[in-house]
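Visitor: File follows, structure_11.pdb with PDB, N, CA and C atoms:
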```
ATOM      1  N   MET A   1       0.818  -1.191   0.000
ATOM      2  CA  MET A   1       0.000   0.000   0.000
ATOM      3  C   MET A   1       0.866   1.260   0.000
ATOM      4  N   LEU A   2       2.001   1.228   0.681
ATOM      5  CA  LEU A   2       2.886   2.390   0.716
ATOM      6  C   LEU A   2       3.822   2.362  -0.485
ATOM      7  N   GLY A   3       4.038   3.507  -1.068
ATOM      8  CA  GLY A   3       4.967   3.592  -2.185
ATOM      9  C   GLY A   3       4.700   4.841  -3.001
ATOM     10  N   PHE A   4       5.687   5.198  -3.811
ATOM     11  CA  PHE A   4       5.561   6.387  -4.643
ATOM     12  C   PHE A   4       4.896   6.097  -5.983
ATOM     13  N   SER A   5       4.671   4.848  -6.311
ATOM     14  CA  SER A   5       4.188   4.506  -7.646
ATOM     15  C   SER A   5       2.688   4.724  -7.820
ATOM     16  N   THR A   6       1.916   4.696  -6.746
ATOM     17  CA  THR A   6       0.465   4.859  -6.870
ATOM     18  C   THR A   6       0.003   6.063  -6.048
ATOM     19  N   PRO A   7      -1.055   6.734  -6.481
ATOM     20  CA  PRO A   7      -1.576   7.868  -5.697
ATOM     21  C   PRO A   7      -2.020   7.488  -4.279
ATOM     22  N   PRO A   8      -2.701   6.348  -4.065
ATOM     23  CA  PRO A   8      -3.028   5.993  -2.672
ATOM     24  C   PRO A   8      -1.791   5.760  -1.808
ATOM     25  N   GLY A   9      -0.733   5.223  -2.400
ATOM     26  CA  GLY A   9       0.506   5.014  -1.649
ATOM     27  C   GLY A   9       1.151   6.318  -1.248
ATOM     28  N   ARG A  10       1.172   7.281  -2.185
ATOM     29  CA  ARG A  10       1.733   8.600  -1.867
ATOM     30  C   ARG A  10       0.887   9.302  -0.809
ATOM     31  N   LEU A  11      -0.428   9.164  -0.900
ATOM     32  CA  LEU A  11      -1.313   9.783   0.087
ATOM     33  C   LEU A  11      -1.107   9.181   1.471
ATOM     34  N   SER A  12      -0.922   7.869   1.533
ATOM     35  CA  SER A  12      -0.667   7.218   2.826
ATOM     36  C   SER A  12       0.650   7.674   3.426
ATOM     37  N   MET A  13       1.670   7.788   2.590
ATOM     38  CA  MET A  13       2.966   8.236   3.093
ATOM     39  C   MET A  13       2.887   9.677   3.594
ATOM     40  N   MET A  14       2.185  10.526   2.866
ATOM     41  CA  MET A  14       2.049  11.914   3.298
ATOM     42  C   MET A  14       1.234  12.015   4.591
ATOM     43  N   SER A  15       0.267  11.131   4.768
ATOM     44  CA  SER A  15      -0.505  11.161   6.010
ATOM     45  C   SER A  15       0.353  10.738   7.203
ATOM     46  N   PHE A  16       1.264   9.788   6.999
ATOM     47  CA  PHE A  16       2.192   9.407   8.065
ATOM     48  C   PHE A  16       3.102  10.583   8.438
ATOM     49  N   ILE A  17       3.599  11.298   7.430
ATOM     50  CA  ILE A  17       4.483  12.444   7.684
ATOM     51  C   ILE A  17       3.720  13.545   8.408
ATOM     52  N   LEU A  18       2.500  13.829   7.956
ATOM     53  CA  LEU A  18       1.678  14.856   8.609
ATOM     54  C   LEU A  18       1.349  14.460  10.039
ATOM     55  N   ASN A  19       1.098  13.179  10.270
ATOM     56  CA  ASN A  19       0.836  12.692  11.620
ATOM     57  C   ASN A  19       2.054  12.873  12.519
ATOM     58  N   ALA A  20       3.243  12.656  11.982
ATOM     59  CA  ALA A  20       4.470  12.850  12.775
ATOM     60  C   ALA A  20       4.617  14.314  13.173
ATOM     61  N   LEU A  21       4.276  15.223  12.276
ATOM     62  CA  LEU A  21       4.383  16.647  12.590
ATOM     63  C   LEU A  21       3.369  17.063  13.653
ATOM     64  N   THR A  22       2.146  16.568  13.546
ATOM     65  CA  THR A  22       1.145  16.928  14.559
ATOM     66  C   THR A  22       1.453  16.271  15.907
ATOM     67  N   CYS A  23       2.016  15.079  15.888
ATOM     68  CA  CYS A  23       2.405  14.436  17.152
ATOM     69  C   CYS A  23       3.569  15.162  17.810
ATOM     70  N   ALA A  24       4.416  15.817  17.020
ATOM     71  CA  ALA A  24       5.488  16.627  17.595
ATOM     72  C   ALA A  24       4.899  17.778  18.394
ATOM     73  N   LEU A  25       3.817  18.349  17.905
ATOM     74  CA  LEU A  25       3.119  19.382  18.687
ATOM     75  C   LEU A  25       2.523  18.781  19.959
ATOM     76  N   GLY A  26       2.033  17.546  19.863
ATOM     77  CA  GLY A  26       1.525  16.861  21.049
ATOM     78  C   GLY A  26       2.607  16.646  22.090
ATOM     79  N   LEU A  27       3.828  16.360  21.638
ATOM     80  CA  LEU A  27       4.944  16.232  22.582
ATOM     81  C   LEU A  27       5.186  17.550  23.308
ATOM     82  N   LEU A  28       5.033  18.653  22.598
ATOM     83  CA  LEU A  28       5.229  19.964  23.220
ATOM     84  C   LEU A  28       4.194  20.203  24.312
ATOM     85  N   TYR A  29       2.957  19.862  24.081
ATOM     86  CA  TYR A  29       1.903  20.162  25.046
ATOM     87  C   TYR A  29       1.763  19.131  26.156
ATOM     88  N   PHE A  30       2.103  17.872  25.890
ATOM     89  CA  PHE A  30       1.901  16.847  26.912
ATOM     90  C   PHE A  30       3.192  16.435  27.620
ATOM     91  N   ILE A  31       4.303  16.406  26.930
ATOM     92  CA  ILE A  31       5.558  15.938  27.531
ATOM     93  C   ILE A  31       6.339  17.095  28.132
ATOM     94  N   ARG A  32       6.576  18.133  27.350
ATOM     95  CA  ARG A  32       7.232  19.364  27.772
ATOM     96  C   ARG A  32       8.680  19.202  28.205
ATOM     97  N   ARG A  33       9.280  18.066  27.987
ATOM     98  CA  ARG A  33      10.687  17.833  28.330
ATOM     99  C   ARG A  33      11.403  17.319  27.096
ATOM    100  N   GLY A  34      12.481  18.008  26.715
ATOM    101  CA  GLY A  34      13.219  17.610  25.529
ATOM    102  C   GLY A  34      13.869  16.244  25.647
ATOM    103  N   LYS A  35      14.278  15.884  26.861
ATOM    104  CA  LYS A  35      14.962  14.609  27.064
ATOM    105  C   LYS A  35      14.025  13.412  26.894
ATOM    106  N   GLN A  36      12.735  13.610  27.086
ATOM    107  CA  GLN A  36      11.794  12.498  27.040
ATOM    108  C   GLN A  36      11.114  12.339  25.687
ATOM    109  N   CYS A  37      11.370  13.231  24.748
ATOM    110  CA  CYS A  37      10.690  13.187  23.454
ATOM    111  C   CYS A  37      11.003  11.913  22.680
ATOM    112  N   LEU A  38      12.263  11.508  22.640
ATOM    113  CA  LEU A  38      12.627  10.307  21.899
ATOM    114  C   LEU A  38      11.992   9.069  22.523
ATOM    115  N   ASP A  39      11.964   9.003  23.840
ATOM    116  CA  ASP A  39      11.352   7.852  24.518
ATOM    117  C   ASP A  39       9.877   7.719  24.160
ATOM    118  N   PHE A  40       9.139   8.807  24.252
ATOM    119  CA  PHE A  40       7.716   8.748  23.962
ATOM    120  C   PHE A  40       7.459   8.509  22.481
ATOM    121  N   THR A  41       8.313   9.032  21.612
ATOM    122  CA  THR A  41       8.157   8.808  20.179
ATOM    123  C   THR A  41       8.330   7.338  19.834
ATOM    124  N   VAL A  42       9.366   6.724  20.363
ATOM    125  CA  VAL A  42       9.605   5.308  20.088
ATOM    126  C   VAL A  42       8.503   4.454  20.704
ATOM    127  N   THR A  43       8.015   4.827  21.875
ATOM    128  CA  THR A  43       6.934   4.082  22.515
ATOM    129  C   THR A  43       5.657   4.134  21.683
ATOM    130  N   VAL A  44       5.311   5.305  21.178
ATOM    131  CA  VAL A  44       4.109   5.445  20.346
ATOM    132  C   VAL A  44       4.241   4.604  19.080
ATOM    133  N   HIS A  45       5.403   4.639  18.447
ATOM    134  CA  HIS A  45       5.578   3.868  17.221
ATOM    135  C   HIS A  45       5.667   2.367  17.507
ATOM    136  N   PHE A  46       6.141   1.988  18.679
ATOM    137  CA  PHE A  46       6.140   0.571  19.051
ATOM    138  C   PHE A  46       4.706   0.068  19.205
ATOM    139  N   PHE A  47       3.851   0.863  19.850
ATOM    140  CA  PHE A  47       2.442   0.467  19.967
ATOM    141  C   PHE A  47       1.767   0.444  18.599
ATOM    142  N   HIS A  48       2.172   1.329  17.698
ATOM    143  CA  HIS A  48       1.652   1.297  16.334
ATOM    144  C   HIS A  48       2.074   0.008  15.631
ATOM    145  N   LEU A  49       3.321  -0.415  15.826
ATOM    146  CA  LEU A  49       3.791  -1.682  15.268
ATOM    147  C   LEU A  49       2.968  -2.848  15.791
ATOM    148  N   LEU A  50       2.718  -2.868  17.100
ATOM    149  CA  LEU A  50       1.906  -3.947  17.674
ATOM    150  C   LEU A  50       0.489  -3.929  17.123
ATOM    151  N   GLY A  51      -0.084  -2.731  16.959
ATOM    152  CA  GLY A  51      -1.432  -2.627  16.395
ATOM    153  C   GLY A  51      -1.490  -3.119  14.961
ATOM    154  N   CYS A  52      -0.487  -2.760  14.158
ATOM    155  CA  CYS A  52      -0.440  -3.238  12.769
ATOM    156  C   CYS A  52      -0.261  -4.751  12.712
ATOM    157  N   TRP A  53       0.564  -5.265  13.581
ATOM    158  CA  TRP A  53       0.810  -6.705  13.634
ATOM    159  C   TRP A  53      -0.466  -7.447  14.031
ATOM    160  N   PHE A  54      -1.170  -6.923  15.020
ATOM    161  CA  PHE A  54      -2.408  -7.553  15.476
ATOM    162  C   PHE A  54      -3.495  -7.460  14.410
ATOM    163  N   TYR A  55      -3.610  -6.305  13.761
ATOM    164  CA  TYR A  55      -4.676  -6.081  12.781
ATOM    165  C   TYR A  55      -4.491  -6.952  11.532
ATOM    166  N   SER A  56      -3.253  -7.043  11.032
ATOM    167  CA  SER A  56      -3.023  -7.796   9.797
ATOM    168  C   SER A  56      -2.672  -9.264  10.050
ATOM    169  N   SER A  57      -2.503  -9.644  11.296
ATOM    170  CA  SER A  57      -2.153 -11.017  11.700
ATOM    171  C   SER A  57      -0.802 -11.479  11.165
ATOM    172  N   ARG A  58       0.052 -10.537  10.781
ATOM    173  CA  ARG A  58       1.416 -10.884  10.386
ATOM    174  C   ARG A  58       2.319  -9.682  10.626
ATOM    175  N   PHE A  59       3.577  -9.984  10.840
ATOM    176  CA  PHE A  59       4.566  -8.947  11.126
ATOM    177  C   PHE A  59       4.808  -8.114   9.862
ATOM    178  N   PRO A  60       4.864  -6.769   9.981
ATOM    179  CA  PRO A  60       5.118  -5.943   8.799
ATOM    180  C   PRO A  60       6.505  -6.235   8.213
ATOM    181  N   SER A  61       6.535  -6.600   6.946
ATOM    182  CA  SER A  61       7.806  -6.962   6.329
ATOM    183  C   SER A  61       8.171  -6.083   5.144
ATOM    184  N   ALA A  62       7.308  -5.143   4.777
ATOM    185  CA  ALA A  62       7.587  -4.289   3.625
ATOM    186  C   ALA A  62       8.670  -3.264   3.982
ATOM    187  N   LEU A  63       9.642  -3.130   3.115
ATOM    188  CA  LEU A  63      10.729  -2.190   3.342
ATOM    189  C   LEU A  63      10.223  -0.751   3.370
ATOM    190  N   THR A  64       9.258  -0.442   2.526
ATOM    191  CA  THR A  64       8.733   0.932   2.508
ATOM    192  C   THR A  64       8.048   1.273   3.821
ATOM    193  N   TRP A  65       7.369   0.304   4.441
ATOM    194  CA  TRP A  65       6.717   0.561   5.733
ATOM    195  C   TRP A  65       7.758   0.914   6.783
ATOM    196  N   TRP A  66       8.845   0.151   6.827
ATOM    197  CA  TRP A  66       9.901   0.395   7.809
ATOM    198  C   TRP A  66      10.593   1.721   7.554
ATOM    199  N   LEU A  67      10.822   2.069   6.286
ATOM    200  CA  LEU A  67      11.456   3.352   5.977
ATOM    201  C   LEU A  67      10.568   4.523   6.371
ATOM    202  N   VAL A  68       9.275   4.417   6.094
ATOM    203  CA  VAL A  68       8.354   5.488   6.476
ATOM    204  C   VAL A  68       8.308   5.633   7.991
ATOM    205  N   GLN A  69       8.305   4.524   8.704
ATOM    206  CA  GLN A  69       8.281   4.591  10.165
ATOM    207  C   GLN A  69       9.567   5.210  10.711
ATOM    208  N   ALA A  70      10.701   4.879  10.126
ATOM    209  CA  ALA A  70      11.975   5.464  10.572
ATOM    210  C   ALA A  70      12.000   6.969  10.331
ATOM    211  N   VAL A  71      11.524   7.404   9.174
ATOM    212  CA  VAL A  71      11.467   8.839   8.880
ATOM    213  C   VAL A  71      10.513   9.544   9.835
ATOM    214  N   CYS A  72       9.378   8.925  10.106
ATOM    215  CA  CYS A  72       8.404   9.538  11.024
ATOM    216  C   CYS A  72       8.938   9.617  12.449
ATOM    217  N   ILE A  73       9.647   8.585  12.889
ATOM    218  CA  ILE A  73      10.255   8.622  14.223
ATOM    219  C   ILE A  73      11.275   9.748  14.303
ATOM    220  N   ALA A  74      12.102   9.862  13.281
ATOM    221  CA  ALA A  74      13.125  10.915  13.281
ATOM    222  C   ALA A  74      12.484  12.302  13.261
ATOM    223  N   LEU A  75      11.503  12.503  12.402
ATOM    224  CA  LEU A  75      10.834  13.810  12.333
ATOM    225  C   LEU A  75      10.152  14.165  13.641
ATOM    226  N   MET A  76       9.403  13.225  14.176
ATOM    227  CA  MET A  76       8.654  13.494  15.404
ATOM    228  C   MET A  76       9.591  13.776  16.574
ATOM    229  N   ALA A  77      10.659  13.014  16.700
ATOM    230  CA  ALA A  77      11.580  13.210  17.818
ATOM    231  C   ALA A  77      12.352  14.519  17.686
ATOM    232  N   VAL A  78      12.879  14.804  16.510
ATOM    233  CA  VAL A  78      13.702  16.005  16.332
ATOM    234  C   VAL A  78      12.865  17.269  16.459
ATOM    235  N   ILE A  79      11.717  17.303  15.801
ATOM    236  CA  ILE A  79      10.875  18.498  15.879
ATOM    237  C   ILE A  79      10.299  18.651  17.288
ATOM    238  N   GLY A  80       9.907  17.546  17.911
ATOM    239  CA  GLY A  80       9.411  17.613  19.286
ATOM    240  C   GLY A  80      10.465  18.109  20.256
ATOM    241  N   GLU A  81      11.693  17.617  20.118
ATOM    242  CA  GLU A  81      12.778  18.092  20.988
ATOM    243  C   GLU A  81      13.082  19.561  20.746
ATOM    244  N   TYR A  82      13.061  19.972  19.497
ATOM    245  CA  TYR A  82      13.311  21.379  19.186
ATOM    246  C   TYR A  82      12.252  22.274  19.824
ATOM    247  N   LEU A  83      10.996  21.888  19.702
ATOM    248  CA  LEU A  83       9.927  22.703  20.281
ATOM    249  C   LEU A  83       9.999  22.717  21.807
ATOM    250  N   CYS A  84      10.287  21.569  22.400
ATOM    251  CA  CYS A  84      10.384  21.506  23.864
ATOM    252  C   CYS A  84      11.586  22.296  24.378
ATOM    253  N   MET A  85      12.690  22.233  23.663
ATOM    254  CA  MET A  85      13.883  22.975  24.090
ATOM    255  C   MET A  85      13.644  24.481  23.994
ATOM    256  N   ARG A  86      12.900  24.915  23.004
ATOM    257  CA  ARG A  86      12.587  26.339  22.893
ATOM    258  C   ARG A  86      11.803  26.821  24.101
ATOM    259  N   THR A  87      10.858  26.025  24.574
ATOM    260  CA  THR A  87      10.076  26.445  25.744
ATOM    261  C   THR A  87      10.886  26.307  27.027
ATOM    262  N   GLU A  88      11.785  25.309  27.093
ATOM    263  CA  GLU A  88      12.608  25.153  28.290
ATOM    264  C   GLU A  88      13.620  26.281  28.434
ATOM    265  N   LEU A  89      14.073  26.855  27.339
ATOM    266  CA  LEU A  89      15.112  27.871  27.383
ATOM    267  C   LEU A  89      14.564  29.296  27.444
ATOM    268  N   LYS A  90      13.267  29.443  27.606
ATOM    269  CA  LYS A  90      12.720  30.798  27.756
ATOM    270  C   LYS A  90      13.193  31.404  29.073
ATOM    271  N   GLU A  91      13.313  32.715  29.060
ATOM    272  CA  GLU A  91      13.750  33.400  30.272
ATOM    273  C   GLU A  91      12.675  33.321  31.345
ATOM    274  N   ILE A  92      13.124  33.196  32.566
ATOM    275  CA  ILE A  92      12.211  33.196  33.704
ATOM    276  C   ILE A  92      12.102  34.630  34.186
ATOM    277  N   PRO A  93      10.895  35.192  34.182
ATOM    278  CA  PRO A  93      10.781  36.587  34.614
ATOM    279  C   PRO A  93      11.018  36.714  36.118
ATOM    280  N   LEU A  94      11.834  37.680  36.475
ATOM    281  CA  LEU A  94      12.115  37.964  37.871
ATOM    282  C   LEU A  94      11.448  39.262  38.240
ATOM    283  N   ASN A  95      10.711  39.245  39.320
ATOM    284  CA  ASN A  95      10.035  40.440  39.790
ATOM    285  C   ASN A  95      10.948  41.136  40.794
ATOM    286  N   SER A  96      11.332  42.351  40.499
ATOM    287  CA  SER A  96      12.261  43.055  41.395
ATOM    288  C   SER A  96      11.550  43.956  42.391
ATOM    289  N   ALA A  97      10.243  43.941  42.415
ATOM    290  CA  ALA A  97       9.489  44.757  43.350
ATOM    291  C   ALA A  97       9.568  44.134  44.728
ATOM    292  N   PRO A  98       9.562  44.981  45.771
ATOM    293  CA  PRO A  98       9.611  44.415  47.143
ATOM    294  C   PRO A  98       8.324  43.662  47.450
ATOM    295  N   LYS A  99       8.469  42.653  48.307
ATOM    296  CA  LYS A  99       7.325  41.829  48.657
ATOM    297  C   LYS A  99       6.360  42.541  49.586
ATOM    298  N   SER A 100       6.856  43.355  50.472
ATOM    299  CA  SER A 100       5.988  44.063  51.397
ATOM    300  C   SER A 100       6.533  45.461  51.628
ATOM    301  N   ASN A 101       5.661  46.333  51.994
ATOM    302  CA  ASN A 101       6.064  47.718  52.329
ATOM    303  C   ASN A 101       6.196  47.812  53.836
ATOM    304  N   VAL A 102       7.406  47.897  54.334
ATOM    305  CA  VAL A 102       7.654  47.959  55.766
ATOM    306  C   VAL A 102       7.879  49.375  56.193
TER     307      VAL A 102
END
```
In structure tokens, what does this structure look like?
Guide:
Amino acid sequence: MLGFSTPPGRLSMMSFILNALTCALGLLYFIRRGKQCLDFTVTVHFFHLLGCWFYSSRFPSALTWWLVQAVCIALMAVIGEYLCMRTELKEIPLNSAPKSNV
């Protein structure tokens, strides 16, 4: 089903890529730690592998499926880490006003 030779194959591949990008935003809102992005990305894709294996009753053996999954893992982890690191490195505002008037 995956491949560049047919329009449904290209559409499926593009949907996987788009899903990786939207999940990177999910890492920003739910994980919020750059160090944990790769762990959660691999965990999500591992559960996807188990779901595909259970649904089709056989282990995925197509090379294109594995390549698409590797690209999606890399995109999701790198973009998620980049977004999380941007929020982690924001300046912490310091209030210089006195706490009480004595």
Visitor: Suppose you want the space between atom CA of A:Ala20 and atom CA of A:Glu91; what is it in Å?
Guide: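 Value for the atom CA of A:Ala20-atom CA of A:Glu91 distance: 28.5 Å.
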Visitor: Find the spatial neighbours of A:Leu38, counting all atoms listed in the file, within a cut-off of 8 Å - ignore same-chain residues fewer than 6 positions away - and output them as a VMD selection string.
Guide: chain A and resid 44 73 76 to 78 80 to 81
Visitor: Skip A:Met13 itself and residues of its chain fewer than 5 positions away, then list as number ranges by chain all residues within 7 Å of it, counting all atoms listed in the file.
Guide: A: 2-3, 8, 18, 68
Visitor: Between atom N of A:Leu28 and atom C of A:Leu83, what is the distance in Å, rounded to a tenth?
Guide: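 Distance between the two atoms: 6.5 Å.
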Visitor: Quick one, how far is atom CA of A:Thr41 from atom CA of A:Cys23?
Guide: 8.6 Å
Visitor: Using DSSP on the backbone coordinates, identify the residues of stretch 14-95 of chain A assigned to helix (DSSP H, G or I); present them as a PyMOL selection string.
Guide: chain A and resi 14-31+34-56+63-88
Visitor: Determine the nearest neighbour of A:Phe16 from the options A:Cys72, A:Ser56, A:Leu50, A:Arg32, counting only N, CA and C atoms.
Guide: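 Closest to A:Phe16, using only N, CA and C atoms: A:Cys72.
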Visitor: Find, counting all atoms listed in the file, the residue in A:Gly34, A:Trp53, A:Gly9, A:Gln69 that gets nearest to A:Met85.
Guide: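 Among A:Gly34, A:Trp53, A:Gly9, A:Gln69, it is A:Gly34 that comes nearest to A:Met85.
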